[in-house]
>>> print(open('query_34.txt').read())   # compact mmCIF, N, CA and C atoms
# COMPACT_ATOMS: atom_id res chain seq x y z
N MET R 304 10.93 -17.89 -13.88
CA MET R 304 11.83 -17.14 -13.01
C MET R 304 11.09 -15.88 -12.53
N PRO R 305 10.61 -15.87 -11.29
CA PRO R 305 9.94 -14.68 -10.77
C PRO R 305 10.93 -13.53 -10.56
N TYR R 306 10.45 -12.35 -10.91
CA TYR R 306 11.20 -11.11 -10.67
C TYR R 306 10.24 -10.17 -9.96
N VAL R 307 10.64 -9.70 -8.78
CA VAL R 307 9.80 -8.80 -7.99
C VAL R 307 10.58 -7.52 -7.75
N ASN R 308 9.95 -6.38 -8.05
CA ASN R 308 10.56 -5.08 -7.83
C ASN R 308 9.79 -4.40 -6.71
N VAL R 309 10.47 -4.09 -5.61
CA VAL R 309 9.87 -3.44 -4.45
C VAL R 309 10.41 -2.02 -4.38
N GLN R 310 9.52 -1.04 -4.39
CA GLN R 310 9.94 0.35 -4.28
C GLN R 310 9.48 0.89 -2.93
N ILE R 311 10.44 1.42 -2.17
CA ILE R 311 10.16 1.96 -0.85
C ILE R 311 10.89 3.29 -0.69
N LEU R 312 10.43 4.08 0.27
CA LEU R 312 11.16 5.29 0.60
C LEU R 312 12.46 4.92 1.29
N LYS R 313 13.48 5.74 1.10
CA LYS R 313 14.77 5.48 1.76
C LYS R 313 14.59 5.45 3.27
N GLY R 314 15.41 4.64 3.90
CA GLY R 314 15.41 4.61 5.35
C GLY R 314 15.30 3.23 5.97
N ALA R 315 14.98 2.22 5.17
CA ALA R 315 14.89 0.86 5.72
C ALA R 315 16.30 0.36 6.04
N SER R 316 16.39 -0.37 7.13
CA SER R 316 17.69 -0.94 7.51
C SER R 316 17.99 -2.16 6.64
N ARG R 317 19.24 -2.56 6.66
CA ARG R 317 19.65 -3.78 5.94
C ARG R 317 18.86 -4.98 6.44
N GLU R 318 18.65 -5.04 7.75
CA GLU R 318 17.89 -6.15 8.34
C GLU R 318 16.45 -6.16 7.84
N GLN R 319 15.83 -4.99 7.73
CA GLN R 319 14.46 -4.91 7.23
C GLN R 319 14.38 -5.36 5.77
N LYS R 320 15.36 -4.93 4.97
CA LYS R 320 15.38 -5.33 3.57
C LYS R 320 15.61 -6.83 3.44
N ALA R 321 16.47 -7.38 4.25
CA ALA R 321 16.71 -8.83 4.23
C ALA R 321 15.43 -9.59 4.59
N GLN R 322 14.68 -9.06 5.55
CA GLN R 322 13.42 -9.69 5.95
C GLN R 322 12.41 -9.63 4.81
N LEU R 323 12.35 -8.52 4.10
CA LEU R 323 11.45 -8.41 2.93
C LEU R 323 11.80 -9.47 1.89
N VAL R 324 13.08 -9.59 1.57
CA VAL R 324 13.51 -10.57 0.57
C VAL R 324 13.13 -11.98 1.03
N GLN R 325 13.36 -12.27 2.28
CA GLN R 325 13.03 -13.60 2.82
C GLN R 325 11.52 -13.85 2.75
N ASP R 326 10.72 -12.89 3.17
CA ASP R 326 9.27 -13.07 3.20
C ASP R 326 8.66 -13.16 1.80
N ILE R 327 9.12 -12.32 0.89
CA ILE R 327 8.60 -12.36 -0.48
C ILE R 327 8.97 -13.68 -1.15
N THR R 328 10.21 -14.12 -0.95
CA THR R 328 10.64 -15.41 -1.51
C THR R 328 9.79 -16.54 -0.95
N ALA R 329 9.58 -16.55 0.36
CA ALA R 329 8.77 -17.60 0.99
C ALA R 329 7.34 -17.61 0.44
N SER R 330 6.78 -16.45 0.17
CA SER R 330 5.42 -16.38 -0.39
C SER R 330 5.38 -16.97 -1.79
N LEU R 331 6.38 -16.65 -2.60
CA LEU R 331 6.42 -17.20 -3.96
C LEU R 331 6.59 -18.72 -3.94
N VAL R 332 7.36 -19.21 -3.01
CA VAL R 332 7.54 -20.66 -2.87
C VAL R 332 6.21 -21.30 -2.42
N ARG R 333 5.59 -20.72 -1.40
CA ARG R 333 4.38 -21.28 -0.82
C ARG R 333 3.18 -21.18 -1.77
N VAL R 334 2.97 -20.03 -2.36
CA VAL R 334 1.77 -19.80 -3.16
C VAL R 334 1.91 -20.32 -4.59
N LEU R 335 3.05 -20.11 -5.21
CA LEU R 335 3.23 -20.46 -6.62
C LEU R 335 4.12 -21.67 -6.85
N GLY R 336 4.74 -22.18 -5.78
CA GLY R 336 5.62 -23.33 -5.94
C GLY R 336 6.92 -23.01 -6.65
N LYS R 337 7.36 -21.75 -6.59
CA LYS R 337 8.59 -21.34 -7.26
C LYS R 337 9.81 -21.75 -6.44
N LYS R 338 10.92 -21.98 -7.13
CA LYS R 338 12.16 -22.34 -6.44
C LYS R 338 12.85 -21.06 -5.97
N PRO R 339 13.30 -21.04 -4.72
CA PRO R 339 13.98 -19.84 -4.20
C PRO R 339 15.19 -19.44 -5.04
N GLU R 340 15.92 -20.41 -5.54
CA GLU R 340 17.13 -20.10 -6.31
C GLU R 340 16.82 -19.50 -7.69
N HIS R 341 15.54 -19.51 -8.08
CA HIS R 341 15.14 -18.89 -9.34
C HIS R 341 14.42 -17.56 -9.13
N THR R 342 14.32 -17.14 -7.90
CA THR R 342 13.57 -15.93 -7.55
C THR R 342 14.50 -14.74 -7.39
N HIS R 343 14.16 -13.66 -8.07
CA HIS R 343 14.96 -12.43 -8.01
C HIS R 343 14.09 -11.32 -7.41
N ILE R 344 14.64 -10.61 -6.44
CA ILE R 344 13.93 -9.51 -5.80
C ILE R 344 14.85 -8.30 -5.78
N VAL R 345 14.34 -7.18 -6.29
CA VAL R 345 15.10 -5.94 -6.34
C VAL R 345 14.39 -4.93 -5.45
N ILE R 346 15.14 -4.32 -4.55
CA ILE R 346 14.59 -3.27 -3.70
C ILE R 346 15.16 -1.95 -4.18
N GLN R 347 14.27 -1.05 -4.56
CA GLN R 347 14.68 0.28 -4.98
C GLN R 347 14.26 1.27 -3.89
N GLU R 348 15.23 1.99 -3.37
CA GLU R 348 14.93 3.00 -2.37
C GLU R 348 14.82 4.36 -3.06
N ILE R 349 13.71 5.02 -2.83
CA ILE R 349 13.41 6.29 -3.48
C ILE R 349 13.52 7.41 -2.45
N ALA R 350 14.21 8.47 -2.80
CA ALA R 350 14.33 9.63 -1.92
C ALA R 350 12.98 10.33 -1.80
N ASP R 351 12.72 10.93 -0.63
CA ASP R 351 11.46 11.62 -0.37
C ASP R 351 11.11 12.63 -1.45
N GLU R 352 12.13 13.33 -1.97
CA GLU R 352 11.86 14.36 -2.98
C GLU R 352 11.52 13.77 -4.34
N ASN R 353 11.64 12.44 -4.47
CA ASN R 353 11.31 11.78 -5.74
C ASN R 353 10.05 10.93 -5.64
N TRP R 354 9.28 11.12 -4.57
CA TRP R 354 8.07 10.35 -4.35
C TRP R 354 6.95 11.33 -4.05
N GLY R 355 5.83 11.19 -4.73
CA GLY R 355 4.69 12.07 -4.50
C GLY R 355 3.64 11.41 -3.63
N TYR R 356 3.01 12.20 -2.80
CA TYR R 356 1.96 11.70 -1.92
C TYR R 356 0.98 12.85 -1.65
N ALA R 357 -0.29 12.58 -1.78
CA ALA R 357 -1.33 13.56 -1.48
C ALA R 357 -1.16 14.85 -2.29
N GLY R 358 -0.70 14.72 -3.53
CA GLY R 358 -0.53 15.87 -4.40
C GLY R 358 0.72 16.68 -4.15
N MET R 359 1.62 16.15 -3.33
CA MET R 359 2.85 16.88 -2.99
C MET R 359 4.02 15.91 -3.04
N LEU R 360 5.23 16.48 -3.17
CA LEU R 360 6.41 15.65 -2.97
C LEU R 360 6.44 15.25 -1.50
N THR R 361 6.85 14.04 -1.23
CA THR R 361 6.77 13.52 0.13
C THR R 361 7.55 14.35 1.14
N ASP R 362 8.72 14.87 0.76
CA ASP R 362 9.47 15.70 1.72
C ASP R 362 8.70 16.98 2.05
N ASP R 363 8.03 17.58 1.06
CA ASP R 363 7.21 18.76 1.32
C ASP R 363 6.00 18.41 2.17
N TRP R 364 5.38 17.26 1.89
CA TRP R 364 4.23 16.81 2.68
C TRP R 364 4.62 16.63 4.14
N LYS R 365 5.78 16.00 4.37
CA LYS R 365 6.24 15.80 5.74
C LYS R 365 6.48 17.13 6.45
N LYS R 366 7.07 18.09 5.73
CA LYS R 366 7.30 19.41 6.32
C LYS R 366 5.98 20.07 6.67
N ALA R 367 5.00 19.97 5.78
CA ALA R 367 3.68 20.57 6.02
C ALA R 367 2.98 19.92 7.21
N GLN R 368 3.27 18.66 7.43
CA GLN R 368 2.67 17.95 8.56
C GLN R 368 3.45 18.17 9.85
N GLY R 369 4.62 18.79 9.73
CA GLY R 369 5.46 19.03 10.90
C GLY R 369 6.00 17.75 11.49
N GLN R 370 6.30 16.79 10.61
CA GLN R 370 6.79 15.51 11.08
C GLN R 370 7.85 14.96 10.15
N ARG R 371 8.57 14.00 10.65
CA ARG R 371 9.61 13.33 9.85
C ARG R 371 9.01 12.13 9.10
N SER R 372 8.00 11.50 9.68
CA SER R 372 7.42 10.30 9.09
C SER R 372 5.98 10.56 8.70
N GLY R 373 5.52 9.78 7.75
CA GLY R 373 4.14 9.85 7.32
C GLY R 373 3.61 8.46 7.06
N PRO R 374 2.40 8.36 6.52
CA PRO R 374 1.82 7.04 6.29
C PRO R 374 2.60 6.20 5.31
N LEU R 375 3.39 6.82 4.46
CA LEU R 375 4.21 6.06 3.53
C LEU R 375 5.54 5.65 4.15
N ASP R 376 5.89 6.24 5.26
CA ASP R 376 7.20 6.02 5.87
C ASP R 376 7.07 5.97 7.38
N PRO R 377 6.32 5.00 7.93
CA PRO R 377 6.16 4.97 9.39
C PRO R 377 7.45 4.60 10.10
N LYS R 378 7.76 5.34 11.13
CA LYS R 378 8.95 5.06 11.93
C LYS R 378 8.62 5.21 13.39
>>> encode(input="query_34.txt", output="structure tokens")
Amino acid sequence: MPYVNVQILKGASREQKAQLVQDITASLVRVLGKKPEHTHIVIQEIADENWGYAGMLTDDWKKAQGQRSGPLDPK
């Protein structure tokens, strides 16, 4: 029974998350021969202030860059 935990910054749409689940499941079926009905995928959305990047909290890094998005959160 595959279990996949995906951690991303908050902001992905429901459609994007559904696409991730579909694509990850398809990869496990194709590469490992796993059954989709036995595959579990958990998406954890992490707030910017709880994610570090380049030695800073991501929200502080974004402020320092003068932008809303960064390499971890392209929009």
>>> atom_distance(input="query_34.txt", atom1="atom N of Leu360 of chain R", atom2="atom N of Arg317 of chain R")
25.6 Å
>>> select_by_dssp(input="query_34.txt", residues="segment 304-354 of chain R", states="helix (DSSP H, G or I)", output="ChimeraX atom specification")
/R:317-335,339-341,351-353
>>> select_by_dssp(input="query_34.txt", residues="chain R", states="strand (DSSP E)", output="PyMOL selection string")
chain R and resi 306-312+343-349+355-356+359-360
>>> atom_distance(input="query_34.txt", atom1="atom CA of Lys313 of chain R", atom2="atom CA of Leu331 of chain R")
24.8 Å
>>> atom_distance(input="query_34.txt", atom1="atom CA of Ile311 of chain R", atom2="atom CA of Pro339 of chain R")
22.4 Å
>>> residues_around(input="query_34.txt", residues="Val309 of chain R", least_positions_apart="2", cutoff="8 Å", atoms="all atoms listed in the file", output="list of chain:residue names")
R:Tyr306, R:Val307, R:Ile311, R:Leu312, R:Ile344, R:Val345, R:Ile346, R:Gln347, R:Glu348, R:Ile349
>>> closest_residue(input="query_34.txt", among="R:Ala367, R:Ala350, R:His343, R:Tyr356", to="Met304 of chain R", atoms="only N, CA and C atoms")
R:His343
>>> residues_around(input="query_34.txt", residues="segment 326-328 of chain R", least_positions_apart="2", cutoff="8 Å", atoms="all atoms listed in the file", output="MDAnalysis selection string")
chainID R and resid 320:324 330:334 337:339 342:344
>>> write_last_selection(input="query_34.txt", atoms="N, CA and C atoms", output="PDB file, in the frame of the given file")
ATOM      1  N   LYS R 320      15.360  -4.930   4.970  1.00  0.00           N
ATOM      2  CA  LYS R 320      15.380  -5.330   3.570  1.00  0.00           C
ATOM      3  C   LYS R 320      15.610  -6.830   3.440  1.00  0.00           C
ATOM      4  N   ALA R 321      16.470  -7.380   4.250  1.00  0.00           N
ATOM      5  CA  ALA R 321      16.710  -8.830   4.230  1.00  0.00           C
ATOM      6  C   ALA R 321      15.430  -9.590   4.590  1.00  0.00           C
ATOM      7  N   GLN R 322      14.680  -9.060   5.550  1.00  0.00           N
ATOM      8  CA  GLN R 322      13.420  -9.690   5.950  1.00  0.00           C
ATOM      9  C   GLN R 322      12.410  -9.630   4.810  1.00  0.00           C
ATOM     10  N   LEU R 323      12.350  -8.520   4.100  1.00  0.00           N
ATOM     11  CA  LEU R 323      11.450  -8.410   2.930  1.00  0.00           C
ATOM     12  C   LEU R 323      11.800  -9.470   1.890  1.00  0.00           C
ATOM     13  N   VAL R 324      13.080  -9.590   1.570  1.00  0.00           N
ATOM     14  CA  VAL R 324      13.510 -10.570   0.570  1.00  0.00           C
ATOM     15  C   VAL R 324      13.130 -11.980   1.030  1.00  0.00           C
ATOM     16  N   SER R 330       6.780 -16.450   0.170  1.00  0.00           N
ATOM     17  CA  SER R 330       5.420 -16.380  -0.390  1.00  0.00           C
ATOM     18  C   SER R 330       5.380 -16.970  -1.790  1.00  0.00           C
ATOM     19  N   LEU R 331       6.380 -16.650  -2.600  1.00  0.00           N
ATOM     20  CA  LEU R 331       6.420 -17.200  -3.960  1.00  0.00           C
ATOM     21  C   LEU R 331       6.590 -18.720  -3.940  1.00  0.00           C
ATOM     22  N   VAL R 332       7.360 -19.210  -3.010  1.00  0.00           N
ATOM     23  CA  VAL R 332       7.540 -20.660  -2.870  1.00  0.00           C
ATOM     24  C   VAL R 332       6.210 -21.300  -2.420  1.00  0.00           C
ATOM     25  N   ARG R 333       5.590 -20.720  -1.400  1.00  0.00           N
ATOM     26  CA  ARG R 333       4.380 -21.280  -0.820  1.00  0.00           C
ATOM     27  C   ARG R 333       3.180 -21.180  -1.770  1.00  0.00           C
ATOM     28  N   VAL R 334       2.970 -20.030  -2.360  1.00  0.00           N
ATOM     29  CA  VAL R 334       1.770 -19.800  -3.160  1.00  0.00           C
ATOM     30  C   VAL R 334       1.910 -20.320  -4.590  1.00  0.00           C
ATOM     31  N   LYS R 337       7.360 -21.750  -6.590  1.00  0.00           N
ATOM     32  CA  LYS R 337       8.590 -21.340  -7.260  1.00  0.00           C
ATOM     33  C   LYS R 337       9.810 -21.750  -6.440  1.00  0.00           C
ATOM     34  N   LYS R 338      10.920 -21.980  -7.130  1.00  0.00           N
ATOM     35  CA  LYS R 338      12.160 -22.340  -6.440  1.00  0.00           C
ATOM     36  C   LYS R 338      12.850 -21.060  -5.970  1.00  0.00           C
ATOM     37  N   PRO R 339      13.300 -21.040  -4.720  1.00  0.00           N
ATOM     38  CA  PRO R 339      13.980 -19.840  -4.200  1.00  0.00           C
ATOM     39  C   PRO R 339      15.190 -19.440  -5.040  1.00  0.00           C
ATOM     40  N   THR R 342      14.320 -17.140  -7.900  1.00  0.00           N
ATOM     41  CA  THR R 342      13.570 -15.930  -7.550  1.00  0.00           C
ATOM     42  C   THR R 342      14.500 -14.740  -7.390  1.00  0.00           C
ATOM     43  N   HIS R 343      14.160 -13.660  -8.070  1.00  0.00           N
ATOM     44  CA  HIS R 343      14.960 -12.430  -8.010  1.00  0.00           C
ATOM     45  C   HIS R 343      14.090 -11.320  -7.410  1.00  0.00           C
ATOM     46  N   ILE R 344      14.640 -10.610  -6.440  1.00  0.00           N
ATOM     47  CA  ILE R 344      13.930  -9.510  -5.800  1.00  0.00           C
ATOM     48  C   ILE R 344      14.850  -8.300  -5.780  1.00  0.00           C
TER      49      ILE R 344
END
>>> axis_aligned_box(input="query_34.txt", around="segment 355-365 of chain R", padding_each_side="5 Å", output="lines of an AutoDock Vina configuration file")
center_x = 4.1
center_y = 15.0
center_z = 0.9
size_x = 20.8
size_y = 17.6
size_z = 21.2
>>> residues_around(input="query_34.txt", residues="Thr361 of chain R", least_positions_apart="6", cutoff="7 Å", atoms="all atoms listed in the file", output="PyMOL selection string")
chain R and resi 351-355
